[in-house]
>>> print(open('work_25.cif').read())   # mmCIF, C-alpha atoms; chains and numbers go by the auth columns
data_my_file
loop_
_atom_site.group_PDB
_atom_site.id
_atom_site.type_symbol
_atom_site.label_atom_id
_atom_site.label_comp_id
_atom_site.label_asym_id
_atom_site.label_seq_id
_atom_site.Cartn_x
_atom_site.Cartn_y
_atom_site.Cartn_z
_atom_site.B_iso_or_equiv
_atom_site.auth_seq_id
_atom_site.auth_asym_id
ATOM 1 C CA MET A 1 27.991 -2.383 46.543 0.00 1 A
ATOM 2 C CA GLN A 2 28.792 0.703 48.576 0.00 2 A
ATOM 3 C CA ARG A 3 25.641 0.319 50.681 0.00 3 A
ATOM 4 C CA CYS A 4 26.538 -3.270 51.473 0.00 4 A
ATOM 5 C CA LEU A 5 30.129 -2.350 52.290 0.00 5 A
ATOM 6 C CA LYS A 6 28.984 0.496 54.555 0.00 6 A
ATOM 7 C CA PHE A 7 26.577 -1.808 56.393 0.00 7 A
ATOM 8 C CA LEU A 8 29.174 -4.524 56.971 0.00 8 A
ATOM 9 C CA ARG A 9 31.647 -2.020 58.395 0.00 9 A
ATOM 10 C CA GLU A 10 29.076 -0.303 60.598 0.00 10 A
ATOM 11 C CA LYS A 11 28.029 -3.645 62.067 0.00 11 A
ATOM 12 C CA LYS A 12 31.684 -4.634 62.567 0.00 12 A
ATOM 13 C CA LEU A 13 31.197 -7.697 60.378 0.00 13 A
ATOM 14 C CA ILE A 14 34.365 -6.758 58.510 0.00 14 A
ATOM 15 C CA LYS A 15 37.272 -4.494 59.388 0.00 15 A
ATOM 16 C CA GLU A 16 37.610 -1.027 57.907 0.00 16 A
ATOM 17 C CA SER A 17 40.687 -2.177 56.020 0.00 17 A
ATOM 18 C CA ASP A 18 39.038 -5.336 54.668 0.00 18 A
ATOM 19 C CA ASN A 19 37.908 -5.467 51.056 0.00 19 A
ATOM 20 C CA PHE A 20 34.698 -7.505 50.956 0.00 20 A
ATOM 21 C CA PHE A 21 34.360 -7.405 47.183 0.00 21 A
ATOM 22 C CA THR A 22 37.239 -9.378 45.709 0.00 22 A
ATOM 23 C CA SER A 23 37.942 -12.314 43.417 0.00 23 A
ATOM 24 C CA THR A 24 38.822 -14.367 46.519 0.00 24 A
ATOM 25 C CA PRO A 25 35.903 -13.743 48.917 0.00 25 A
ATOM 26 C CA ASN A 26 36.063 -14.494 52.615 0.00 26 A
ATOM 27 C CA LYS A 27 34.562 -17.829 53.662 0.00 27 A
ATOM 28 C CA LEU A 28 31.898 -15.922 55.627 0.00 28 A
ATOM 29 C CA ALA A 29 30.811 -13.893 52.579 0.00 29 A
ATOM 30 C CA PRO A 30 27.453 -15.744 52.155 0.00 30 A
ATOM 31 C CA LEU A 31 26.553 -15.000 55.781 0.00 31 A
ATOM 32 C CA CYS A 32 27.448 -11.337 55.284 0.00 32 A
ATOM 33 C CA ILE A 33 25.144 -11.180 52.255 0.00 33 A
ATOM 34 C CA CYS A 34 22.326 -12.730 54.291 0.00 34 A
ATOM 35 C CA ALA A 35 22.962 -10.261 57.120 0.00 35 A
ATOM 36 C CA TRP A 36 22.697 -7.289 54.747 0.00 36 A
ATOM 37 C CA ILE A 37 19.423 -8.536 53.267 0.00 37 A
ATOM 38 C CA MET A 38 18.098 -9.371 56.739 0.00 38 A
ATOM 39 C CA GLU A 39 18.780 -5.847 57.966 0.00 39 A
ATOM 40 C CA GLU A 40 16.843 -4.285 55.090 0.00 40 A
ATOM 41 C CA CYS A 41 13.996 -6.721 54.470 0.00 41 A
ATOM 42 C CA ASP A 42 13.494 -9.246 57.257 0.00 42 A
ATOM 43 C CA GLU A 43 11.258 -9.051 60.303 0.00 43 A
ATOM 44 C CA LEU A 44 14.019 -10.696 62.347 0.00 44 A
ATOM 45 C CA ASN A 45 17.128 -9.203 63.903 0.00 45 A
ATOM 46 C CA PHE A 46 20.508 -10.921 63.926 0.00 46 A
ATOM 47 C CA ASP A 47 19.808 -12.379 67.376 0.00 47 A
ATOM 48 C CA GLY A 48 16.485 -13.880 66.280 0.00 48 A
ATOM 49 C CA THR A 49 14.291 -11.280 67.971 0.00 49 A
ATOM 50 C CA LEU A 50 11.479 -9.548 66.108 0.00 50 A
ATOM 51 C CA LYS A 51 11.844 -6.004 64.850 0.00 51 A
ATOM 52 C CA PRO A 52 9.248 -3.439 65.959 0.00 52 A
ATOM 53 C CA THR A 53 6.161 -3.410 63.744 0.00 53 A
ATOM 54 C CA SER A 54 6.700 0.320 63.224 0.00 54 A
ATOM 55 C CA GLN A 55 10.077 -0.301 61.588 0.00 55 A
ATOM 56 C CA VAL A 56 9.874 -0.077 57.803 0.00 56 A
ATOM 57 C CA ARG A 57 11.073 -3.181 55.956 0.00 57 A
ATOM 58 C CA ASP A 58 11.595 -3.622 52.235 0.00 58 A
ATOM 59 C CA SER A 59 9.721 -6.218 50.198 0.00 59 A
ATOM 60 C CA TYR A 60 10.854 -9.652 49.084 0.00 60 A
ATOM 61 C CA ASN A 61 11.146 -8.265 45.574 0.00 61 A
ATOM 62 C CA HIS A 62 13.694 -5.764 46.885 0.00 62 A
ATOM 63 C CA ALA A 63 15.549 -8.584 48.653 0.00 63 A
ATOM 64 C CA GLN A 64 15.841 -10.405 45.328 0.00 64 A
ATOM 65 C CA LYS A 65 17.327 -7.274 43.761 0.00 65 A
ATOM 66 C CA MET A 66 19.846 -7.019 46.596 0.00 66 A
ATOM 67 C CA ARG A 67 20.925 -10.600 46.024 0.00 67 A
ATOM 68 C CA ALA A 68 21.069 -10.017 42.267 0.00 68 A
ATOM 69 C CA ALA A 69 23.374 -7.050 42.898 0.00 69 A
ATOM 70 C CA MET A 70 25.708 -9.297 44.898 0.00 70 A
ATOM 71 C CA THR A 71 25.599 -12.000 42.232 0.00 71 A
ATOM 72 C CA TYR A 72 26.479 -9.430 39.579 0.00 72 A
ATOM 73 C CA ALA A 73 29.244 -7.836 41.645 0.00 73 A
ATOM 74 C CA PHE A 74 31.063 -11.085 42.378 0.00 74 A
ATOM 75 C CA GLY A 75 30.146 -12.760 39.101 0.00 75 A
ATOM 76 C CA ARG A 76 30.768 -10.049 36.518 0.00 76 A
ATOM 77 C CA LEU A 77 32.943 -7.418 38.174 0.00 77 A
ATOM 78 C CA PHE A 78 35.268 -9.882 39.886 0.00 78 A
ATOM 79 C CA GLY A 79 35.116 -12.706 37.367 0.00 79 A
ATOM 80 C CA LEU A 80 33.558 -15.434 39.527 0.00 80 A
ATOM 81 C CA GLY A 81 30.656 -16.053 37.149 0.00 81 A
ATOM 82 C CA SER A 82 27.750 -18.179 38.355 0.00 82 A
ATOM 83 C CA LEU A 83 29.927 -20.944 39.788 0.00 83 A
ATOM 84 C CA PRO A 84 28.245 -22.174 43.000 0.00 84 A
ATOM 85 C CA TRP A 85 30.052 -21.524 46.282 0.00 85 A
ATOM 86 C CA HIS A 86 31.885 -24.716 47.244 0.00 86 A
ATOM 87 C CA THR A 87 35.050 -26.144 48.777 0.00 87 A
ATOM 88 C CA SER A 88 37.907 -26.594 46.329 0.00 88 A
ATOM 89 C CA GLU A 89 39.222 -30.150 46.166 0.00 89 A
ATOM 90 C CA VAL A 90 42.715 -28.780 45.525 0.00 90 A
ATOM 91 C CA SER A 91 43.159 -25.946 48.019 0.00 91 A
ATOM 92 C CA GLN A 92 40.372 -26.949 50.435 0.00 92 A
ATOM 93 C CA LYS A 93 39.301 -23.286 50.401 0.00 93 A
ATOM 94 C CA MET A 94 35.917 -21.859 49.499 0.00 94 A
ATOM 95 C CA VAL A 95 35.692 -20.809 45.850 0.00 95 A
ATOM 96 C CA GLY A 96 32.961 -19.611 43.495 0.00 96 A
ATOM 97 C CA ASN A 97 30.310 -16.916 43.777 0.00 97 A
ATOM 98 C CA PRO A 98 29.220 -16.498 47.431 0.00 98 A
ATOM 99 C CA SER A 99 25.832 -15.167 46.333 0.00 99 A
ATOM 100 C CA VAL A 100 25.229 -18.463 44.509 0.00 100 A
ATOM 101 C CA SER A 101 25.500 -20.501 47.682 0.00 101 A
ATOM 102 C CA GLU A 102 23.235 -22.872 49.550 0.00 102 A
ATOM 103 C CA THR A 103 23.363 -20.541 52.554 0.00 103 A
ATOM 104 C CA VAL A 104 21.957 -17.560 50.647 0.00 104 A
ATOM 105 C CA ALA A 105 19.455 -19.698 48.719 0.00 105 A
ATOM 106 C CA THR A 106 18.131 -21.257 51.932 0.00 106 A
ATOM 107 C CA TYR A 107 17.838 -17.874 53.608 0.00 107 A
ATOM 108 C CA MET A 108 15.946 -16.394 50.640 0.00 108 A
ATOM 109 C CA THR A 109 13.502 -19.291 50.764 0.00 109 A
ATOM 110 C CA SER A 110 12.862 -18.784 54.475 0.00 110 A
ATOM 111 C CA LEU A 111 12.526 -15.020 53.966 0.00 111 A
ATOM 112 C CA ARG A 112 9.923 -15.529 51.265 0.00 112 A
ATOM 113 C CA ARG A 113 8.003 -17.878 53.546 0.00 113 A
ATOM 114 C CA ARG A 114 7.929 -15.255 56.296 0.00 114 A
ATOM 115 C CA LYS A 115 6.871 -12.553 53.839 0.00 115 A
ATOM 116 C CA VAL A 116 3.973 -14.654 52.565 0.00 116 A
ATOM 117 C CA ARG A 117 2.943 -15.521 56.118 0.00 117 A
ATOM 118 C CA ALA A 118 2.956 -11.810 56.950 0.00 118 A
ATOM 119 C CA GLY A 119 0.570 -11.170 54.063 0.00 119 A
ATOM 120 C CA GLU A 120 2.941 -9.616 51.554 0.00 120 A
ATOM 121 C CA THR A 121 1.636 -9.695 47.987 0.00 121 A
ATOM 122 C CA ALA A 122 3.314 -12.274 45.787 0.00 122 A
ATOM 123 C CA THR A 123 6.018 -10.989 43.451 0.00 123 A
ATOM 124 C CA SER A 124 4.284 -12.327 40.368 0.00 124 A
ATOM 125 C CA ALA A 125 1.351 -10.158 39.323 0.00 125 A
ATOM 126 C CA ARG A 126 -0.350 -13.013 37.499 0.00 126 A
ATOM 127 C CA ALA A 127 0.264 -16.601 36.506 0.00 127 A
ATOM 128 C CA ILE A 128 1.345 -17.284 32.944 0.00 128 A
ATOM 129 C CA THR A 129 -1.065 -19.322 30.823 0.00 129 A
ATOM 130 C CA GLN A 130 -0.946 -21.296 27.585 0.00 130 A
ATOM 131 C CA GLU A 131 -2.690 -18.387 25.872 0.00 131 A
ATOM 132 C CA THR A 132 0.054 -16.004 27.014 0.00 132 A
ATOM 133 C CA LEU A 133 2.742 -18.371 25.739 0.00 133 A
ATOM 134 C CA CYS A 134 0.951 -18.634 22.408 0.00 134 A
ATOM 135 C CA LYS A 135 0.869 -14.835 22.063 0.00 135 A
ATOM 136 C CA LEU A 136 4.548 -14.640 23.026 0.00 136 A
ATOM 137 C CA TYR A 137 5.429 -17.250 20.401 0.00 137 A
ATOM 138 C CA HIS A 138 3.645 -15.414 17.596 0.00 138 A
ATOM 139 C CA PHE A 139 4.963 -12.024 18.737 0.00 139 A
ATOM 140 C CA ASN A 140 8.570 -13.243 18.627 0.00 140 A
ATOM 141 C CA HIS A 141 8.078 -14.962 15.267 0.00 141 A
ATOM 142 C CA ARG A 142 6.972 -11.915 13.329 0.00 142 A
ATOM 143 C CA PRO A 143 9.044 -11.600 10.115 0.00 143 A
ATOM 144 C CA GLU A 144 10.595 -8.280 11.128 0.00 144 A
ATOM 145 C CA VAL A 145 12.074 -9.697 14.352 0.00 145 A
ATOM 146 C CA ALA A 146 12.362 -13.448 13.723 0.00 146 A
ATOM 147 C CA GLU A 147 14.925 -13.249 10.939 0.00 147 A
ATOM 148 C CA ILE A 148 18.358 -14.482 12.029 0.00 148 A
ATOM 149 C CA LYS A 149 20.953 -11.941 10.958 0.00 149 A
ATOM 150 C CA GLU A 150 24.711 -11.689 11.186 0.00 150 A
ATOM 151 C CA TYR A 151 25.953 -10.130 14.409 0.00 151 A
ATOM 152 C CA ALA A 152 26.540 -6.404 14.237 0.00 152 A
ATOM 153 C CA ALA A 153 27.625 -4.232 17.150 0.00 153 A
ATOM 154 C CA GLY A 154 25.097 -1.562 17.994 0.00 154 A
ATOM 155 C CA SER A 155 24.130 0.989 20.602 0.00 155 A
ATOM 156 C CA ARG A 156 20.976 1.512 22.631 0.00 156 A
ATOM 157 C CA LYS A 157 21.094 5.179 21.676 0.00 157 A
ATOM 158 C CA HIS A 158 20.090 4.257 18.123 0.00 158 A
ATOM 159 C CA VAL A 159 17.108 2.112 19.149 0.00 159 A
ATOM 160 C CA LYS A 160 13.922 3.713 17.855 0.00 160 A
ATOM 161 C CA THR A 161 11.434 1.930 20.133 0.00 161 A
ATOM 162 C CA PRO A 162 11.705 -0.150 23.354 0.00 162 A
ATOM 163 C CA HIS A 163 10.446 -3.167 21.378 0.00 163 A
ATOM 164 C CA GLU A 164 13.635 -3.315 19.318 0.00 164 A
ATOM 165 C CA TRP A 165 15.629 -5.757 21.400 0.00 165 A
ATOM 166 C CA GLY A 166 17.389 -9.022 20.655 0.00 166 A
ATOM 167 C CA GLY A 167 17.524 -10.895 17.387 0.00 167 A
ATOM 168 C CA GLY A 168 15.939 -14.030 16.024 0.00 168 A
ATOM 169 C CA ARG A 169 18.079 -16.372 18.123 0.00 169 A
ATOM 170 C CA ALA A 170 17.605 -14.452 21.380 0.00 170 A
ATOM 171 C CA ARG A 171 13.840 -14.354 20.952 0.00 171 A
ATOM 172 C CA ARG A 172 13.688 -18.088 20.191 0.00 172 A
ATOM 173 C CA LEU A 173 15.785 -18.871 23.258 0.00 173 A
ATOM 174 C CA LEU A 174 13.584 -16.726 25.494 0.00 174 A
ATOM 175 C CA THR A 175 10.445 -18.356 24.125 0.00 175 A
ATOM 176 C CA LEU A 176 11.927 -21.790 24.843 0.00 176 A
ATOM 177 C CA ALA A 177 12.915 -20.690 28.354 0.00 177 A
ATOM 178 C CA TYR A 178 9.367 -19.557 29.145 0.00 178 A
ATOM 179 C CA VAL A 179 7.875 -22.752 27.707 0.00 179 A
ATOM 180 C CA LEU A 180 10.227 -24.975 29.725 0.00 180 A
ATOM 181 C CA SER A 181 9.471 -22.977 32.851 0.00 181 A
ATOM 182 C CA PHE A 182 5.738 -23.436 32.278 0.00 182 A
ATOM 183 C CA LEU A 183 5.746 -27.114 31.322 0.00 183 A
ATOM 184 C CA CYS A 184 8.323 -28.335 33.837 0.00 184 A
ATOM 185 C CA LEU A 185 7.114 -26.166 36.728 0.00 185 A
ATOM 186 C CA LEU A 186 10.472 -24.407 37.050 0.00 186 A
ATOM 187 C CA ARG A 187 11.405 -21.130 38.649 0.00 187 A
ATOM 188 C CA PHE A 188 13.271 -18.889 36.269 0.00 188 A
ATOM 189 C CA ASP A 189 16.518 -19.133 38.237 0.00 189 A
ATOM 190 C CA GLU A 190 16.269 -22.892 37.614 0.00 190 A
ATOM 191 C CA VAL A 191 15.664 -22.378 33.896 0.00 191 A
ATOM 192 C CA LEU A 192 18.836 -20.294 33.647 0.00 192 A
ATOM 193 C CA LYS A 193 20.883 -23.279 34.866 0.00 193 A
ATOM 194 C CA ILE A 194 19.894 -25.333 31.803 0.00 194 A
ATOM 195 C CA GLN A 195 22.614 -25.642 29.148 0.00 195 A
ATOM 196 C CA MET A 196 22.711 -27.075 25.640 0.00 196 A
ATOM 197 C CA GLN A 197 24.127 -30.422 26.795 0.00 197 A
ATOM 198 C CA ASP A 198 20.986 -30.891 28.913 0.00 198 A
ATOM 199 C CA ILE A 199 18.759 -30.849 25.810 0.00 199 A
ATOM 200 C CA GLU A 200 18.553 -33.854 23.485 0.00 200 A
ATOM 201 C CA TRP A 201 16.939 -33.768 20.046 0.00 201 A
ATOM 202 C CA VAL A 202 14.612 -36.796 19.765 0.00 202 A
ATOM 203 C CA SER A 203 12.517 -36.019 16.692 0.00 203 A
ATOM 204 C CA ASP A 204 10.992 -33.122 14.773 0.00 204 A
ATOM 205 C CA THR A 205 8.219 -32.890 17.365 0.00 205 A
ATOM 206 C CA CYS A 206 10.034 -33.928 20.521 0.00 206 A
ATOM 207 C CA ILE A 207 12.996 -32.807 22.605 0.00 207 A
ATOM 208 C CA LYS A 208 14.269 -34.412 25.803 0.00 208 A
ATOM 209 C CA LEU A 209 15.335 -32.236 28.721 0.00 209 A
ATOM 210 C CA THR A 210 17.493 -33.630 31.531 0.00 210 A
ATOM 211 C CA LEU A 211 17.477 -31.187 34.433 0.00 211 A
ATOM 212 C CA PRO A 212 20.974 -30.510 35.840 0.00 212 A
ATOM 213 C CA PHE A 213 19.496 -30.313 39.341 0.00 213 A
ATOM 214 C CA ARG A 214 17.006 -32.170 41.483 0.00 214 A
ATOM 215 C CA LYS A 215 13.368 -31.224 40.990 0.00 215 A
ATOM 216 C CA THR A 216 10.593 -33.045 42.822 0.00 216 A
ATOM 217 C CA ASN A 217 6.938 -32.947 41.818 0.00 217 A
ATOM 218 C CA GLN A 218 4.168 -34.387 43.955 0.00 218 A
ATOM 219 C CA PHE A 219 2.327 -35.505 40.816 0.00 219 A
ATOM 220 C CA GLY A 220 5.374 -37.200 39.267 0.00 220 A
ATOM 221 C CA GLY A 221 6.509 -37.022 35.662 0.00 221 A
ATOM 222 C CA GLU A 222 3.092 -37.923 34.242 0.00 222 A
ATOM 223 C CA HIS A 223 1.804 -34.445 35.085 0.00 223 A
ATOM 224 C CA VAL A 224 4.443 -32.831 32.881 0.00 224 A
ATOM 225 C CA ASN A 225 3.846 -35.367 30.113 0.00 225 A
ATOM 226 C CA ARG A 226 0.139 -34.522 30.132 0.00 226 A
ATOM 227 C CA LEU A 227 0.896 -30.822 29.775 0.00 227 A
ATOM 228 C CA LEU A 228 3.230 -31.574 26.885 0.00 228 A
ATOM 229 C CA ARG A 229 0.544 -33.563 25.099 0.00 229 A
ATOM 230 C CA GLN A 230 -1.969 -30.769 25.622 0.00 230 A
ATOM 231 C CA ALA A 231 0.370 -28.066 24.364 0.00 231 A
ATOM 232 C CA ARG A 232 1.643 -30.100 21.361 0.00 232 A
ATOM 233 C CA LEU A 233 4.614 -27.804 21.031 0.00 233 A
ATOM 234 C CA THR A 234 7.075 -28.123 18.174 0.00 234 A
ATOM 235 C CA HIS A 235 10.567 -26.675 18.547 0.00 235 A
ATOM 236 C CA THR A 236 13.145 -25.906 15.906 0.00 236 A
ATOM 237 C CA VAL A 237 16.827 -26.114 16.794 0.00 237 A
ATOM 238 C CA TYR A 238 19.082 -23.245 15.718 0.00 238 A
#
>>> encode(input="work_25.cif", output="structure tokens")
Amino acid sequence: MQRCLKFLREKKLIKESDNFFTSTPNKLAPLCICAWIMEECDELNFDGTLKPTSQVRDSYNHAQKMRAAMTYAFGRLFGLGSLPWHTSEVSQKMVGNPSVSETVATYMTSLRRRKVRAGETATSARAITQETLCKLYHFNHRPEVAEIKEYAAGSRKHVKTPHEWGGGRARRLLTLAYVLSFLCLLRFDEVLKIQMQDIEWVSDTCIKLTLPFRKTNQFGGEHVNRLLRQARLTHTVY
């Protein structure tokens, strides 16, 4: 937060007396976030010119972390949550989390395209496979971790090993999230938008997912259906 604030003031994008981080962000907040990421990670300057090749630029992975920091700051520290940035029908002012805006999302997409074109290694080290999902399923369904227990407050200081995280419900939810991401060809930020009302229980071997956003696939829905038939996954609702 302090690095972003320092940058915005140095570039005269905000006044010294202005407080950028607030529960009522300025309408230009998404552009300021893009400007900060552009300065650190992009090959372009604000005026559209190219930066010198000798100038060090951070990776796309670092750009994602910068955006995540902004999302956390506005969402958790200032109570704006993950509500998308939009115009209020009541006050006609911009409300929501400026980091969760179409402006920032579009810029991140274009930045990733430029990074790939420049030859930067993809963020993902390897593609997930059905075999990996199968191992994840069995790992998270071991008796010692799959049991659903009553909630009890704890501390990370008392954790014996790094593998002691989450409970039975959390592990089931994560397994479902990875499976949906794999079968429906979703990015993980898209998976995190799915809520319980988007999932319909059809039978003991079938659930219906209605995506709360638009998702196009050049192969159509039949491609996903074929993957579902191949995987033959059975889910249990908790």
>>> resolve_selection(input="work_25.cif", expression="the PyMOL selection byres ((chain A and resi 70-80) around 9)", output="compact mmCIF listing (two decimals) with C-alpha atoms, in the frame of the given file")
# COMPACT_ATOMS: atom_id res chain seq x y z
CA MET A 1 27.99 -2.38 46.54
CA CYS A 4 26.54 -3.27 51.47
CA PHE A 21 34.36 -7.40 47.18
CA THR A 22 37.24 -9.38 45.71
CA SER A 23 37.94 -12.31 43.42
CA THR A 24 38.82 -14.37 46.52
CA PRO A 25 35.90 -13.74 48.92
CA ILE A 33 25.14 -11.18 52.26
CA LYS A 65 17.33 -7.27 43.76
CA MET A 66 19.85 -7.02 46.60
CA ARG A 67 20.92 -10.60 46.02
CA ALA A 68 21.07 -10.02 42.27
CA ALA A 69 23.37 -7.05 42.90
CA GLY A 81 30.66 -16.05 37.15
CA SER A 82 27.75 -18.18 38.35
CA LEU A 83 29.93 -20.94 39.79
CA VAL A 95 35.69 -20.81 45.85
CA GLY A 96 32.96 -19.61 43.50
CA ASN A 97 30.31 -16.92 43.78
CA PRO A 98 29.22 -16.50 47.43
CA SER A 99 25.83 -15.17 46.33
CA VAL A 100 25.23 -18.46 44.51
>>> atom_distance(input="work_25.cif", atom1="atom CA of Ser59 of chain A", atom2="atom CA of Cys41 of chain A")
6.1 Å
>>> residues_around(input="work_25.cif", residues="Asp198 of chain A", least_positions_apart="4", cutoff="10 Å", atoms="all atoms listed in the file", output="list in words")
Lys193, Ile194, Lys208, Leu209, Thr210, Leu211 and Pro212 of chain A
>>> atom_distance(input="work_25.cif", atom1="atom CA of Ile207 of chain A", atom2="atom CA of Leu180 of chain A")
10.9 Å
>>> atom_distance(input="work_25.cif", atom1="atom CA of Thr106 of chain A", atom2="atom CA of Asp58 of chain A")
18.8 Å
>>> closest_residue(input="work_25.cif", among="A:Arg112, A:Arg187, A:Arg117, A:Lys11", to="His62 of chain A", atoms="all atoms listed in the file")
A:Arg112
>>> axis_aligned_box(input="work_25.cif", around="segment 176-189 of chain A", padding_each_side="4 Å", output="AutoDock Vina command-line options")
--center_x 11.1 --center_y -23.6 --center_z 31.7 --size_x 18.8 --size_y 17.4 --size_z 21.8
>>> closest_residue(input="work_25.cif", among="A:Val104, A:Val202, A:Asn61, A:Ala146", to="Val116 of chain A", atoms="all atoms listed in the file")
A:Asn61
>>> closest_residue(input="work_25.cif", among="A:Lys149, A:Arg172, A:Arg142, A:Lys27", to="Thr103 of chain A", atoms="all atoms listed in the file")
A:Lys27
>>> residues_near_point(input="work_25.cif", point="(16.9, -11.8, 15.5)", cutoff="12 Å", atoms="only C-alpha atoms", output="compact mmCIF listing (two decimals) with C-alpha atoms, in the coordinates of the input")
# COMPACT_ATOMS: atom_id res chain seq x y z
CA ASN A 140 8.57 -13.24 18.63
CA HIS A 141 8.08 -14.96 15.27
CA ARG A 142 6.97 -11.92 13.33
CA PRO A 143 9.04 -11.60 10.12
CA GLU A 144 10.60 -8.28 11.13
CA VAL A 145 12.07 -9.70 14.35
CA ALA A 146 12.36 -13.45 13.72
CA GLU A 147 14.92 -13.25 10.94
CA ILE A 148 18.36 -14.48 12.03
CA LYS A 149 20.95 -11.94 10.96
CA GLU A 150 24.71 -11.69 11.19
CA TYR A 151 25.95 -10.13 14.41
CA ALA A 152 26.54 -6.40 14.24
CA GLU A 164 13.64 -3.32 19.32
CA TRP A 165 15.63 -5.76 21.40
CA GLY A 166 17.39 -9.02 20.66
CA GLY A 167 17.52 -10.90 17.39
CA GLY A 168 15.94 -14.03 16.02
CA ARG A 169 18.08 -16.37 18.12
CA ALA A 170 17.60 -14.45 21.38
CA ARG A 171 13.84 -14.35 20.95
CA ARG A 172 13.69 -18.09 20.19
CA LEU A 173 15.78 -18.87 23.26
CA LEU A 174 13.58 -16.73 25.49
CA TYR A 238 19.08 -23.24 15.72
>>> residues_around(input="work_25.cif", residues="Cys32 of chain A", least_positions_apart="6", cutoff="9 Å", atoms="all atoms listed in the file", output="ChimeraX atom specification")
/A:4,8,13-14
>>> closest_residue(input="work_25.cif", among="A:Val90, A:Val191, A:Phe182, A:Arg114", to="Thr132 of chain A", atoms="only C-alpha atoms")
A:Phe182
>>> closest_residue(input="work_25.cif", among="A:Ser101, A:Pro84, A:Phe46, A:Gln92", to="Pro30 of chain A", atoms="all atoms listed in the file")
A:Ser101
>>> decode(input="work_25.cif", residues="segment 127-141 of chain A", atoms="N, CA and C atoms", output="mmCIF file, in the first residue's frame")
data_model
loop_
_atom_site.group_PDB
_atom_site.id
_atom_site.type_symbol
_atom_site.label_atom_id
_atom_site.label_comp_id
_atom_site.auth_asym_id
_atom_site.auth_seq_id
_atom_site.Cartn_x
_atom_site.Cartn_y
_atom_site.Cartn_z
ATOM 1 N N ALA A 127 0.429 -27.969 -16.725
ATOM 2 C CA ALA A 127 -1.023 -28.068 -16.816
ATOM 3 C C ALA A 127 -1.513 -29.184 -15.902
ATOM 4 N N ILE A 128 -2.653 -28.965 -15.271
ATOM 5 C CA ILE A 128 -3.216 -29.987 -14.401
ATOM 6 C C ILE A 128 -3.866 -31.070 -15.254
ATOM 7 N N THR A 129 -3.810 -32.300 -14.793
ATOM 8 C CA THR A 129 -4.344 -33.435 -15.539
ATOM 9 C C THR A 129 -5.359 -34.183 -14.690
ATOM 10 N N GLN A 130 -6.060 -35.133 -15.317
ATOM 11 C CA GLN A 130 -7.011 -35.955 -14.577
ATOM 12 C C GLN A 130 -6.297 -36.772 -13.500
ATOM 13 N N GLU A 131 -5.078 -37.202 -13.793
ATOM 14 C CA GLU A 131 -4.318 -37.973 -12.811
ATOM 15 C C GLU A 131 -4.006 -37.128 -11.578
ATOM 16 N N THR A 132 -3.662 -35.855 -11.807
ATOM 17 C CA THR A 132 -3.378 -34.953 -10.688
ATOM 18 C C THR A 132 -4.624 -34.736 -9.842
ATOM 19 N N LEU A 133 -5.768 -34.550 -10.501
ATOM 20 C CA LEU A 133 -7.022 -34.366 -9.777
ATOM 21 C C LEU A 133 -7.381 -35.609 -8.970
ATOM 22 N N CYS A 134 -7.107 -36.767 -9.530
ATOM 23 C CA CYS A 134 -7.387 -38.017 -8.824
ATOM 24 C C CYS A 134 -6.531 -38.125 -7.564
ATOM 25 N N LYS A 135 -5.254 -37.767 -7.673
ATOM 26 C CA LYS A 135 -4.364 -37.796 -6.507
ATOM 27 C C LYS A 135 -4.816 -36.781 -5.459
ATOM 28 N N LEU A 136 -5.244 -35.602 -5.924
ATOM 29 C CA LEU A 136 -5.718 -34.570 -5.002
ATOM 30 C C LEU A 136 -6.958 -35.042 -4.254
ATOM 31 N N TYR A 137 -7.858 -35.704 -4.980
ATOM 32 C CA TYR A 137 -9.089 -36.219 -4.367
ATOM 33 C C TYR A 137 -8.763 -37.207 -3.247
ATOM 34 N N HIS A 138 -7.916 -38.175 -3.548
ATOM 35 C CA HIS A 138 -7.587 -39.197 -2.551
ATOM 36 C C HIS A 138 -6.773 -38.611 -1.389
ATOM 37 N N PHE A 139 -5.919 -37.632 -1.691
ATOM 38 C CA PHE A 139 -5.125 -37.010 -0.630
ATOM 39 C C PHE A 139 -6.020 -36.275 0.360
ATOM 40 N N ASN A 140 -7.034 -35.576 -0.161
ATOM 41 C CA ASN A 140 -7.927 -34.800 0.703
ATOM 42 C C ASN A 140 -9.044 -35.633 1.314
ATOM 43 N N HIS A 141 -9.112 -36.916 0.967
ATOM 44 C CA HIS A 141 -10.125 -37.789 1.555
ATOM 45 C C HIS A 141 -9.510 -38.862 2.459
#
